[in-house]
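Data block for coords-v7.pdb (PDB, C-alpha atoms):
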```pdb
ATOM      1  CA  ASP J   4     -28.731 -93.749-268.643  1.00  0.00           C
ATOM      2  CA  THR J   5     -28.368 -94.719-264.996  1.00  0.00           C
ATOM      3  CA  GLY J   6     -25.577 -97.194-265.617  1.00  0.00           C
ATOM      4  CA  VAL J   7     -25.004-100.537-263.939  1.00  0.00           C
ATOM      5  CA  SER J   8     -25.671-100.512-260.215  1.00  0.00           C
ATOM      6  CA  GLN J   9     -24.546-102.965-257.565  1.00  0.00           C
ATOM      7  CA  ASN J  10     -25.602-103.432-253.973  1.00  0.00           C
ATOM      8  CA  PRO J  11     -24.237-103.469-251.431  1.00  0.00           C
ATOM      9  CA  ARG J  12     -21.037-101.581-252.216  1.00  0.00           C
ATOM     10  CA  HIS J  13     -19.256-103.133-249.270  1.00  0.00           C
ATOM     11  CA  LYS J  14     -19.901-106.300-247.301  1.00  0.00           C
ATOM     12  CA  ILE J  15     -18.004-107.594-244.299  1.00  0.00           C
ATOM     13  CA  THR J  16     -18.934-111.060-243.157  1.00  0.00           C
ATOM     14  CA  LYS J  17     -17.597-113.805-240.955  1.00  0.00           C
ATOM     15  CA  ARG J  18     -16.255-116.995-242.396  1.00  0.00           C
ATOM     16  CA  GLY J  19     -19.003-119.539-242.897  1.00  0.00           C
ATOM     17  CA  GLN J  20     -21.796-117.028-243.435  1.00  0.00           C
ATOM     18  CA  ASN J  21     -23.783-116.708-246.654  1.00  0.00           C
ATOM     19  CA  VAL J  22     -23.815-113.469-248.636  1.00  0.00           C
ATOM     20  CA  THR J  23     -25.856-112.263-251.593  1.00  0.00           C
ATOM     21  CA  PHE J  24     -25.048-109.442-254.001  1.00  0.00           C
ATOM     22  CA  ARG J  25     -27.372-107.751-256.428  1.00  0.00           C
ATOM     23  CA  CYS J  26     -26.693-106.267-259.852  1.00  0.00           C
ATOM     24  CA  ASP J  27     -29.060-104.080-261.866  1.00  0.00           C
ATOM     25  CA  PRO J  28     -27.888-103.806-265.473  1.00  0.00           C
ATOM     26  CA  ILE J  29     -28.545-101.015-267.956  1.00  0.00           C
ATOM     27  CA  SER J  30     -32.200-101.481-268.817  1.00  0.00           C
ATOM     28  CA  GLU J  31     -31.966-102.361-272.493  1.00  0.00           C
ATOM     29  CA  HIS J  32     -29.004-104.728-272.084  1.00  0.00           C
ATOM     30  CA  ASN J  33     -29.877-108.402-272.229  1.00  0.00           C
ATOM     31  CA  ARG J  34     -26.402-109.741-271.403  1.00  0.00           C
ATOM     32  CA  LEU J  35     -25.146-109.670-267.831  1.00  0.00           C
ATOM     33  CA  TYR J  36     -21.732-110.774-266.591  1.00  0.00           C
ATOM     34  CA  TRP J  37     -20.122-111.392-263.196  1.00  0.00           C
ATOM     35  CA  TYR J  38     -16.402-111.033-262.621  1.00  0.00           C
ATOM     36  CA  ARG J  39     -14.172-111.235-259.561  1.00  0.00           C
ATOM     37  CA  GLN J  40     -11.165-108.999-259.031  1.00  0.00           C
ATOM     38  CA  THR J  41      -8.512-109.461-256.367  1.00  0.00           C
ATOM     39  CA  LEU J  42      -5.908-106.884-255.441  1.00  0.00           C
ATOM     40  CA  GLY J  43      -3.299-106.390-258.130  1.00  0.00           C
ATOM     41  CA  GLN J  44      -5.077-108.557-260.656  1.00  0.00           C
ATOM     42  CA  GLY J  45      -7.373-108.057-263.587  1.00  0.00           C
ATOM     43  CA  PRO J  46     -11.005-109.124-263.361  1.00  0.00           C
ATOM     44  CA  GLU J  47     -11.658-112.839-263.778  1.00  0.00           C
ATOM     45  CA  PHE J  48     -14.799-114.075-265.477  1.00  0.00           C
ATOM     46  CA  LEU J  49     -17.281-115.975-263.312  1.00  0.00           C
ATOM     47  CA  THR J  50     -20.487-116.365-265.297  1.00  0.00           C
ATOM     48  CA  TYR J  51     -22.826-114.679-267.753  1.00  0.00           C
ATOM     49  CA  PHE J  52     -26.478-114.582-268.688  1.00  0.00           C
ATOM     50  CA  GLN J  53     -28.335-113.807-271.850  1.00  0.00           C
ATOM     51  CA  ASN J  54     -31.777-112.794-270.653  1.00  0.00           C
ATOM     52  CA  GLU J  55     -32.575-115.336-267.917  1.00  0.00           C
ATOM     53  CA  ALA J  56     -30.414-118.121-269.331  1.00  0.00           C
ATOM     54  CA  GLN J  57     -27.044-118.747-267.703  1.00  0.00           C
ATOM     55  CA  LEU J  58     -24.878-119.538-270.728  1.00  0.00           C
ATOM     56  CA  GLU J  59     -21.430-120.054-269.252  1.00  0.00           C
ATOM     57  CA  LYS J  60     -19.857-120.667-265.861  1.00  0.00           C
ATOM     58  CA  SER J  61     -16.178-120.479-265.064  1.00  0.00           C
ATOM     59  CA  ARG J  62     -14.383-123.239-263.206  1.00  0.00           C
ATOM     60  CA  LEU J  63     -13.730-120.515-260.630  1.00  0.00           C
ATOM     61  CA  LEU J  64     -17.411-120.734-259.733  1.00  0.00           C
ATOM     62  CA  SER J  65     -17.371-123.482-257.129  1.00  0.00           C
ATOM     63  CA  ASP J  66     -20.469-125.221-255.807  1.00  0.00           C
ATOM     64  CA  ARG J  67     -20.679-122.574-253.093  1.00  0.00           C
ATOM     65  CA  PHE J  68     -21.400-119.914-255.706  1.00  0.00           C
ATOM     66  CA  SER J  69     -24.730-119.538-257.442  1.00  0.00           C
ATOM     67  CA  ALA J  70     -26.027-116.829-259.731  1.00  0.00           C
ATOM     68  CA  GLU J  71     -29.535-116.167-260.930  1.00  0.00           C
ATOM     69  CA  ARG J  72     -31.326-113.791-263.238  1.00  0.00           C
ATOM     70  CA  PRO J  73     -34.902-114.944-262.854  1.00  0.00           C
ATOM     71  CA  LYS J  74     -36.722-112.385-264.987  1.00  0.00           C
ATOM     72  CA  GLY J  75     -33.925-111.401-267.284  1.00  0.00           C
ATOM     73  CA  SER J  76     -33.436-108.101-265.512  1.00  0.00           C
ATOM     74  CA  PHE J  77     -31.483-107.891-262.237  1.00  0.00           C
ATOM     75  CA  SER J  78     -29.153-110.661-261.133  1.00  0.00           C
ATOM     76  CA  THR J  79     -28.024-112.010-257.771  1.00  0.00           C
ATOM     77  CA  LEU J  80     -24.777-113.730-256.876  1.00  0.00           C
ATOM     78  CA  GLU J  81     -24.834-115.818-253.711  1.00  0.00           C
ATOM     79  CA  ILE J  82     -21.830-117.237-251.916  1.00  0.00           C
ATOM     80  CA  GLN J  83     -22.558-119.906-249.337  1.00  0.00           C
ATOM     81  CA  ARG J  84     -20.245-120.786-246.442  1.00  0.00           C
ATOM     82  CA  THR J  85     -17.857-117.950-247.250  1.00  0.00           C
ATOM     83  CA  GLU J  86     -14.123-118.484-246.938  1.00  0.00           C
ATOM     84  CA  GLN J  87     -11.355-115.934-246.505  1.00  0.00           C
ATOM     85  CA  GLY J  88     -10.252-116.641-250.052  1.00  0.00           C
ATOM     86  CA  ASP J  89     -13.578-115.264-251.266  1.00  0.00           C
ATOM     87  CA  SER J  90     -12.503-111.762-250.242  1.00  0.00           C
ATOM     88  CA  ALA J  91     -12.445-109.751-253.453  1.00  0.00           C
ATOM     89  CA  MET J  92     -14.244-107.122-255.488  1.00  0.00           C
ATOM     90  CA  TYR J  93     -17.211-108.614-257.321  1.00  0.00           C
ATOM     91  CA  LEU J  94     -17.973-106.763-260.530  1.00  0.00           C
ATOM     92  CA  CYS J  95     -21.086-106.894-262.635  1.00  0.00           C
ATOM     93  CA  ALA J  96     -21.257-105.785-266.257  1.00  0.00           C
ATOM     94  CA  SER J  97     -23.922-105.637-268.926  1.00  0.00           C
ATOM     95  CA  SER J  98     -23.966-105.295-272.676  1.00  0.00           C
ATOM     96  CA  SER J  99     -26.177-105.312-275.709  1.00  0.00           C
ATOM     97  CA  PRO J 100     -26.131-108.580-277.628  1.00  0.00           C
ATOM     98  CA  GLN J 101     -23.574-109.129-280.322  1.00  0.00           C
ATOM     99  CA  GLY J 102     -24.970-108.446-283.699  1.00  0.00           C
ATOM    100  CA  GLU J 103     -24.466-107.334-287.202  1.00  0.00           C
ATOM    101  CA  ASP J 104     -23.703-103.751-287.963  1.00  0.00           C
ATOM    102  CA  TRP J 105     -25.405-103.756-291.318  1.00  0.00           C
ATOM    103  CA  ALA J 106     -24.784-100.107-291.908  1.00  0.00           C
ATOM    104  CA  ARG J 107     -21.101-100.937-292.150  1.00  0.00           C
ATOM    105  CA  GLY J 108     -21.634-104.446-293.491  1.00  0.00           C
ATOM    106  CA  ARG J 109     -19.732-106.167-290.732  1.00  0.00           C
ATOM    107  CA  ARG J 110     -20.139-107.886-287.400  1.00  0.00           C
ATOM    108  CA  THR J 111     -19.658-105.864-284.265  1.00  0.00           C
ATOM    109  CA  PHE J 112     -19.467-106.645-280.599  1.00  0.00           C
ATOM    110  CA  TYR J 113     -20.690-104.274-277.992  1.00  0.00           C
ATOM    111  CA  GLU J 114     -18.562-103.304-275.051  1.00  0.00           C
ATOM    112  CA  GLN J 115     -19.433-104.300-271.529  1.00  0.00           C
ATOM    113  CA  TYR J 116     -20.367-101.590-269.070  1.00  0.00           C
ATOM    114  CA  PHE J 117     -19.275-102.233-265.506  1.00  0.00           C
ATOM    115  CA  GLY J 118     -20.863-101.361-262.206  1.00  0.00           C
ATOM    116  CA  PRO J 119     -18.901 -99.971-259.244  1.00  0.00           C
ATOM    117  CA  GLY J 120     -18.492-103.405-257.686  1.00  0.00           C
ATOM    118  CA  THR J 121     -19.205-104.989-254.327  1.00  0.00           C
ATOM    119  CA  ARG J 122     -16.183-105.340-252.096  1.00  0.00           C
ATOM    120  CA  LEU J 123     -16.429-108.468-249.950  1.00  0.00           C
ATOM    121  CA  THR J 124     -14.264-108.931-246.885  1.00  0.00           C
ATOM    122  CA  VAL J 125     -14.451-112.277-245.113  1.00  0.00           C
ATOM    123  CA  THR J 126     -13.022-112.221-241.591  1.00  0.00           C
TER     124      THR J 126
ATOM    125  CA  ALA O   7      -6.389-120.852-274.582  1.00  0.00           C
ATOM    126  CA  GLN O   8      -6.896-117.124-274.645  1.00  0.00           C
ATOM    127  CA  SER O   9      -4.560-114.865-272.731  1.00  0.00           C
ATOM    128  CA  VAL O  10      -3.557-111.247-272.412  1.00  0.00           C
ATOM    129  CA  ALA O  11      -0.223-109.946-271.185  1.00  0.00           C
ATOM    130  CA  GLN O  12       0.580-106.476-269.969  1.00  0.00           C
ATOM    131  CA  PRO O  13       4.350-106.609-269.523  1.00  0.00           C
ATOM    132  CA  GLU O  14       4.650-103.465-267.420  1.00  0.00           C
ATOM    133  CA  ASP O  15       3.183-103.289-263.932  1.00  0.00           C
ATOM    134  CA  GLN O  16       3.776 -99.535-263.876  1.00  0.00           C
ATOM    135  CA  VAL O  17       4.403 -96.787-266.400  1.00  0.00           C
ATOM    136  CA  ASN O  18       5.640 -93.367-265.341  1.00  0.00           C
ATOM    137  CA  VAL O  19       5.241 -90.388-267.651  1.00  0.00           C
ATOM    138  CA  ALA O  20       5.682 -86.652-267.305  1.00  0.00           C
ATOM    139  CA  GLU O  21       2.648 -84.515-268.034  1.00  0.00           C
ATOM    140  CA  GLY O  22       2.574 -83.411-271.654  1.00  0.00           C
ATOM    141  CA  ASN O  23       4.681 -86.315-272.864  1.00  0.00           C
ATOM    142  CA  PRO O  24       3.305 -89.126-275.004  1.00  0.00           C
ATOM    143  CA  LEU O  25       2.365 -92.334-273.229  1.00  0.00           C
ATOM    144  CA  THR O  26       2.196 -95.971-274.283  1.00  0.00           C
ATOM    145  CA  VAL O  27       0.738 -98.848-272.294  1.00  0.00           C
ATOM    146  CA  LYS O  28       1.616-102.197-273.819  1.00  0.00           C
ATOM    147  CA  CYS O  29      -0.607-105.216-274.396  1.00  0.00           C
ATOM    148  CA  THR O  30      -0.057-108.490-276.229  1.00  0.00           C
ATOM    149  CA  TYR O  31      -2.626-111.202-276.700  1.00  0.00           C
ATOM    150  CA  SER O  32      -3.074-114.828-277.640  1.00  0.00           C
ATOM    151  CA  VAL O  33      -6.383-116.046-279.026  1.00  0.00           C
ATOM    152  CA  SER O  34      -7.755-118.576-281.470  1.00  0.00           C
ATOM    153  CA  GLY O  35      -9.366-116.920-284.451  1.00  0.00           C
ATOM    154  CA  ASN O  36      -9.949-113.210-284.857  1.00  0.00           C
ATOM    155  CA  PRO O  37      -9.203-111.153-281.778  1.00  0.00           C
ATOM    156  CA  TYR O  38     -11.651-108.641-280.389  1.00  0.00           C
ATOM    157  CA  LEU O  39      -9.697-106.291-278.156  1.00  0.00           C
ATOM    158  CA  PHE O  40     -10.664-103.762-275.529  1.00  0.00           C
ATOM    159  CA  TRP O  41      -9.071-101.240-273.192  1.00  0.00           C
ATOM    160  CA  TYR O  42     -10.618-100.273-269.877  1.00  0.00           C
ATOM    161  CA  VAL O  43      -9.515 -97.810-267.198  1.00  0.00           C
ATOM    162  CA  GLN O  44     -10.119 -98.153-263.470  1.00  0.00           C
ATOM    163  CA  TYR O  45      -9.908 -95.303-260.998  1.00  0.00           C
ATOM    164  CA  PRO O  46      -9.538 -96.035-257.255  1.00  0.00           C
ATOM    165  CA  ASN O  47     -12.633 -97.630-255.732  1.00  0.00           C
ATOM    166  CA  ARG O  48     -14.462 -97.386-259.040  1.00  0.00           C
ATOM    167  CA  GLY O  49     -15.615 -99.884-261.626  1.00  0.00           C
ATOM    168  CA  LEU O  50     -14.004-100.240-265.017  1.00  0.00           C
ATOM    169  CA  GLN O  51     -14.708 -97.642-267.676  1.00  0.00           C
ATOM    170  CA  PHE O  52     -14.608 -98.535-271.348  1.00  0.00           C
ATOM    171  CA  LEU O  53     -12.018 -96.635-273.407  1.00  0.00           C
ATOM    172  CA  LEU O  54     -11.967 -98.222-276.842  1.00  0.00           C
ATOM    173  CA  LYS O  55     -12.244-101.443-278.811  1.00  0.00           C
ATOM    174  CA  TYR O  56     -10.916-103.100-281.937  1.00  0.00           C
ATOM    175  CA  ILE O  57     -13.290-105.403-283.771  1.00  0.00           C
ATOM    176  CA  THR O  58     -12.278-105.113-287.400  1.00  0.00           C
ATOM    177  CA  GLY O  59     -11.238-102.487-289.890  1.00  0.00           C
ATOM    178  CA  ASP O  60      -8.666 -99.752-289.318  1.00  0.00           C
ATOM    179  CA  ASN O  61      -5.729-100.804-287.177  1.00  0.00           C
ATOM    180  CA  LEU O  62      -5.694 -97.441-285.378  1.00  0.00           C
ATOM    181  CA  VAL O  63      -8.681 -97.105-283.085  1.00  0.00           C
ATOM    182  CA  LYS O  64      -9.636 -93.855-281.384  1.00  0.00           C
ATOM    183  CA  GLY O  65     -11.446 -93.799-278.082  1.00  0.00           C
ATOM    184  CA  SER O  66     -12.443 -91.708-275.108  1.00  0.00           C
ATOM    185  CA  TYR O  67     -10.371 -88.957-273.463  1.00  0.00           C
ATOM    186  CA  GLY O  68      -7.945 -88.692-276.389  1.00  0.00           C
ATOM    187  CA  PHE O  69      -6.716 -92.282-276.147  1.00  0.00           C
ATOM    188  CA  GLU O  70      -6.035 -94.433-279.166  1.00  0.00           C
ATOM    189  CA  ALA O  71      -4.726 -97.941-279.704  1.00  0.00           C
ATOM    190  CA  GLU O  72      -2.932 -99.642-282.538  1.00  0.00           C
ATOM    191  CA  PHE O  73      -3.761-103.204-283.503  1.00  0.00           C
ATOM    192  CA  ASN O  74      -0.792-105.134-284.896  1.00  0.00           C
ATOM    193  CA  LYS O  75      -1.736-108.616-286.029  1.00  0.00           C
ATOM    194  CA  SER O  76       1.794-109.798-286.823  1.00  0.00           C
ATOM    195  CA  GLN O  77       3.033-108.809-283.369  1.00  0.00           C
ATOM    196  CA  THR O  78      -0.247-109.783-281.666  1.00  0.00           C
ATOM    197  CA  SER O  79      -0.231-106.452-279.889  1.00  0.00           C
ATOM    198  CA  PHE O  80      -2.762-103.780-279.033  1.00  0.00           C
ATOM    199  CA  HIS O  81      -0.851-100.946-277.375  1.00  0.00           C
ATOM    200  CA  LEU O  82      -2.700 -98.002-275.834  1.00  0.00           C
ATOM    201  CA  LYS O  83      -1.376 -94.554-276.657  1.00  0.00           C
ATOM    202  CA  LYS O  84      -1.990 -90.900-276.011  1.00  0.00           C
ATOM    203  CA  PRO O  85      -0.017 -88.053-277.590  1.00  0.00           C
ATOM    204  CA  SER O  86       0.034 -85.827-274.500  1.00  0.00           C
ATOM    205  CA  ALA O  87      -0.508 -87.243-271.009  1.00  0.00           C
ATOM    206  CA  LEU O  88      -2.502 -85.480-268.290  1.00  0.00           C
ATOM    207  CA  VAL O  89      -2.113 -85.900-264.549  1.00  0.00           C
ATOM    208  CA  SER O  90      -5.771 -86.961-264.505  1.00  0.00           C
ATOM    209  CA  ASP O  91      -4.882 -89.947-266.722  1.00  0.00           C
ATOM    210  CA  SER O  92      -3.213 -91.570-263.709  1.00  0.00           C
ATOM    211  CA  ALA O  93      -5.133 -94.788-263.128  1.00  0.00           C
ATOM    212  CA  LEU O  94      -5.052 -98.557-263.644  1.00  0.00           C
ATOM    213  CA  TYR O  95      -5.408 -99.680-267.258  1.00  0.00           C
ATOM    214  CA  PHE O  96      -6.600-103.095-268.375  1.00  0.00           C
ATOM    215  CA  CYS O  97      -6.375-104.710-271.767  1.00  0.00           C
ATOM    216  CA  ALA O  98      -8.915-107.442-272.534  1.00  0.00           C
ATOM    217  CA  VAL O  99      -9.612-109.883-275.317  1.00  0.00           C
ATOM    218  CA  ARG O 100     -12.886-111.447-276.314  1.00  0.00           C
ATOM    219  CA  GLY O 101     -12.854-114.586-278.404  1.00  0.00           C
ATOM    220  CA  PHE O 102     -15.763-115.120-280.723  1.00  0.00           C
ATOM    221  CA  ILE O 103     -15.890-118.869-280.264  1.00  0.00           C
ATOM    222  CA  GLN O 104     -15.653-118.600-276.513  1.00  0.00           C
ATOM    223  CA  GLY O 105     -18.705-116.437-276.120  1.00  0.00           C
ATOM    224  CA  GLY O 106     -19.130-113.088-274.451  1.00  0.00           C
ATOM    225  CA  LYS O 107     -16.623-113.219-271.642  1.00  0.00           C
ATOM    226  CA  LEU O 108     -13.586-110.963-271.517  1.00  0.00           C
ATOM    227  CA  ILE O 109     -10.132-112.172-270.581  1.00  0.00           C
ATOM    228  CA  PHE O 110      -8.200-109.387-268.867  1.00  0.00           C
ATOM    229  CA  GLY O 111      -4.535-108.683-268.436  1.00  0.00           C
ATOM    230  CA  GLN O 112      -3.183-108.059-264.969  1.00  0.00           C
ATOM    231  CA  GLY O 113      -3.271-104.310-265.414  1.00  0.00           C
ATOM    232  CA  THR O 114      -0.751-101.485-265.753  1.00  0.00           C
ATOM    233  CA  GLU O 115      -0.658 -98.612-263.313  1.00  0.00           C
ATOM    234  CA  LEU O 116      -0.099 -95.345-265.125  1.00  0.00           C
ATOM    235  CA  SER O 117       1.375 -92.484-263.139  1.00  0.00           C
ATOM    236  CA  VAL O 118       1.556 -89.054-264.756  1.00  0.00           C
ATOM    237  CA  LYS O 119       3.613 -86.500-262.850  1.00  0.00           C
ATOM    238  CA  PRO O 120       3.290 -82.722-263.275  1.00  0.00           C
TER     239      PRO O 120
END
```
Just give me the structure as structure tokens.
Amino acid sequence: DTGVSQNPRHKITKRGQNVTFRCDPISEHNRLYWYRQTLGQGPEFLTYFQNEAQLEKSRLLSDRFSAERPKGSFSTLEIQRTEQGDSAMYLCASSSPQGEDWARGRRTFYEQYFGPGTRLTVT
Amino acid sequence: AQSVAQPEDQVNVAEGNPLTVKCTYSVSGNPYLFWYVQYPNRGLQFLLKYITGDNLVKGSYGFEAEFNKSQTSFHLKKPSALVSDSALYFCAVRGFIQGGKLIFGQGTELSVKP
């Protein structure tokens, strides 16, 4: 189990530049999530995919943000025309799909496993 | 709307003493609750979850949490704290209707002194 990986780990960019982050989920996980975390706050949901389908996008995800997961494996998050307010830690997580735990006769939800994050600094 | 509150920004405990990190939630329908821990410059690590069943949930590293529906709480506990438990702890809720996303609290910094 290699875990969730994210690249780059750190990115410093000038305001107005475009940046792209990559997330590689745990191989058998078909759900992939993006969150943003600023200093002193908990992670905030941005978007998530089930396989290649983007199922939900937060209102935090402005038109400058776009996420893709073209083959249902890795995902990219692109920020166009970066602003200083975009400075944050961008976290990726993956999980197995929700499902029934028939052995116990009840529904279960699988936890999300997080990568180490990409820290973006916009100067 | 779903929300999670962690009323304490910081909790200080002496090593060997029991610790409690508080969490209350607000969600429509059945709550699905999680605790994560974050060490400096690291991603979040899963500790435990409550989906259904027993109100006392046991997790990693000796942590446990008690689900209390009437008080809408899900406090994290450990009988004997270790210095290595010092970290940032996040409570999160997942609503079934709202899909897979987690809503996190603002976090509680736990400091365990020798």
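For chain O, the residues within 8 Å of chain J are Phe40, Asn47, Arg48, Gly49, Leu50, Gln51, Phe52, Lys55, Ile57, Phe96, Gly106, Lys107, Leu108, Ile109, Phe110, Gly111, Gln112 and Gly113 of chain O, with all atoms listed in the file used to measure distance.
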- Task: Excluding Thr79 of chain J and residues on its chain fewer than 3 positions from it, collect all residues at most 6 Å away from it, counting all atoms listed in the file, and give them as a list in words.
- Result: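 These residues fall inside the cut-off: Phe24, Arg25, Ala70 and Glu71 of chain J.
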- Item | Between atom CA of Lys28 of chain O and atom CA of Ser79 of chain O - distance in Å to one decimal | 7.6 Å
- Message: Would you compute the distance between atom CA of Gly6 of chain J and atom CA of Thr41 of chain J? Give it in Å to one decimal.
- Response: 23.0 Å
If we count all atoms listed in the file and set the cut-off at 10 Å, which residues sit around Thr26 of chain O, ignoring sequence neighbours fewer than 4 positions away in its own chain? Please answer as a PDB file with C-alpha atoms, keeping the file's coordinate frame.
```pdb
ATOM      1  CA  VAL O  17       4.403 -96.787-266.400  1.00  0.00           C
ATOM      2  CA  ASN O  18       5.640 -93.367-265.341  1.00  0.00           C
ATOM      3  CA  VAL O  19       5.241 -90.388-267.651  1.00  0.00           C
ATOM      4  CA  PHE O  69      -6.716 -92.282-276.147  1.00  0.00           C
ATOM      5  CA  GLU O  70      -6.035 -94.433-279.166  1.00  0.00           C
ATOM      6  CA  ALA O  71      -4.726 -97.941-279.704  1.00  0.00           C
ATOM      7  CA  HIS O  81      -0.851-100.946-277.375  1.00  0.00           C
ATOM      8  CA  LEU O  82      -2.700 -98.002-275.834  1.00  0.00           C
ATOM      9  CA  LYS O  83      -1.376 -94.554-276.657  1.00  0.00           C
ATOM     10  CA  LYS O  84      -1.990 -90.900-276.011  1.00  0.00           C
ATOM     11  CA  PRO O  85      -0.017 -88.053-277.590  1.00  0.00           C
ATOM     12  CA  ALA O  87      -0.508 -87.243-271.009  1.00  0.00           C
ATOM     13  CA  LEU O 116      -0.099 -95.345-265.125  1.00  0.00           C
TER      14      LEU O 116
END
```
- Hey, can you check how far atom CA of Thr23 of chain J sits from atom CA of Gln9 of chain J?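 Result for atom CA of Thr23 of chain J versus atom CA of Gln9 of chain J: 11.1 Å, one decimal.
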Sphere at (-2.6, -84.3, -267.5), radius 12 Å, counting all atoms listed in the file: residues as a CSV table (one decimal) with C-alpha atoms, keeping the file's coordinate frame:
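Dumped to point-v1.csv:
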```csv
chain,number,residue,atom,x,y,z
O,19,VAL,CA,5.2,-90.4,-267.7
O,20,ALA,CA,5.7,-86.7,-267.3
O,21,GLU,CA,2.6,-84.5,-268.0
O,22,GLY,CA,2.6,-83.4,-271.7
O,23,ASN,CA,4.7,-86.3,-272.9
O,24,PRO,CA,3.3,-89.1,-275.0
O,25,LEU,CA,2.4,-92.3,-273.2
O,67,TYR,CA,-10.4,-89.0,-273.5
O,68,GLY,CA,-7.9,-88.7,-276.4
O,84,LYS,CA,-2.0,-90.9,-276.0
O,85,PRO,CA,0.0,-88.1,-277.6
O,86,SER,CA,0.0,-85.8,-274.5
O,87,ALA,CA,-0.5,-87.2,-271.0
O,88,LEU,CA,-2.5,-85.5,-268.3
O,89,VAL,CA,-2.1,-85.9,-264.5
O,90,SER,CA,-5.8,-87.0,-264.5
O,91,ASP,CA,-4.9,-89.9,-266.7
O,92,SER,CA,-3.2,-91.6,-263.7
O,93,ALA,CA,-5.1,-94.8,-263.1
O,116,LEU,CA,-0.1,-95.3,-265.1
O,117,SER,CA,1.4,-92.5,-263.1
O,118,VAL,CA,1.6,-89.1,-264.8
O,119,LYS,CA,3.6,-86.5,-262.8
O,120,PRO,CA,3.3,-82.7,-263.3
```
- Message: On this structure, the PyMOL selection byres ((chain O and resi 34) around 8) would catch which residues? List them as a PyMOL selection string, sorted by chain and number.
- Response: chain O and resi 7-8+32-33+35-37+101
Next, dump the selected residues to file, keeping only C-alpha atoms, as a short mmCIF file (atom, residue, chain, number, x, y, z; two decimals), in the frame of the given file.
```
data_model
loop_
_atom_site.label_atom_id
_atom_site.label_comp_id
_atom_site.auth_asym_id
_atom_site.auth_seq_id
_atom_site.Cartn_x
_atom_site.Cartn_y
_atom_site.Cartn_z
CA ALA O 7 -6.39 -120.85 -274.58
CA GLN O 8 -6.90 -117.12 -274.64
CA SER O 32 -3.07 -114.83 -277.64
CA VAL O 33 -6.38 -116.05 -279.03
CA GLY O 35 -9.37 -116.92 -284.45
CA ASN O 36 -9.95 -113.21 -284.86
CA PRO O 37 -9.20 -111.15 -281.78
CA GLY O 101 -12.85 -114.59 -278.40
#
```
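Residue nearest Gln16 of chain O within the list O:Leu94, O:Pro46, O:Arg100, O:Leu62: O:Leu94 [criterion: smallest interatomic distance, only C-alpha atoms].
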Selection: 10 Å around Lys74 of chain J, all atoms listed in the file, excl. self and same-chain fewer than 4 positions, as an mmCIF file with C-alpha atoms, in the frame of the given file:
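New file around_38.cif:
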```cif
data_model
loop_
_atom_site.group_PDB
_atom_site.id
_atom_site.type_symbol
_atom_site.label_atom_id
_atom_site.label_comp_id
_atom_site.auth_asym_id
_atom_site.auth_seq_id
_atom_site.Cartn_x
_atom_site.Cartn_y
_atom_site.Cartn_z
ATOM 1 C CA ASN J 54 -31.777 -112.794 -270.653
ATOM 2 C CA GLU J 55 -32.575 -115.336 -267.917
ATOM 3 C CA ALA J 56 -30.414 -118.121 -269.331
ATOM 4 C CA SER J 78 -29.153 -110.661 -261.133
#
```
- Query: So which one's closest to Ala91 of chain J, J:Arg72, J:Arg62, J:Arg39, J:Lys14? Using all atoms listed in the file, please.
  - Reply: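 Closest candidate: J:Arg39.
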- Item | Given the PyMOL selection byres ((chain O and resi 30) around 6), the residues it picks as a VMD selection string | chain O and resid 10 to 11 29 31 78 to 79
- Query: Using only C-alpha atoms, which of J:Ser30, J:Thr85, J:Gln57, J:Asn10 sits nearest Pro73 of chain J?
  - Reply: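 Selected residue with least distance to Pro73 of chain J: J:Gln57.
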- Query: When distances are computed from only C-alpha atoms, which of O:Val27, O:Glu115, O:Trp41, O:Ser9 shows the smallest separation from Lys64 of chain O?
  - Reply: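 Under the stated criterion, the closest residue is O:Trp41.
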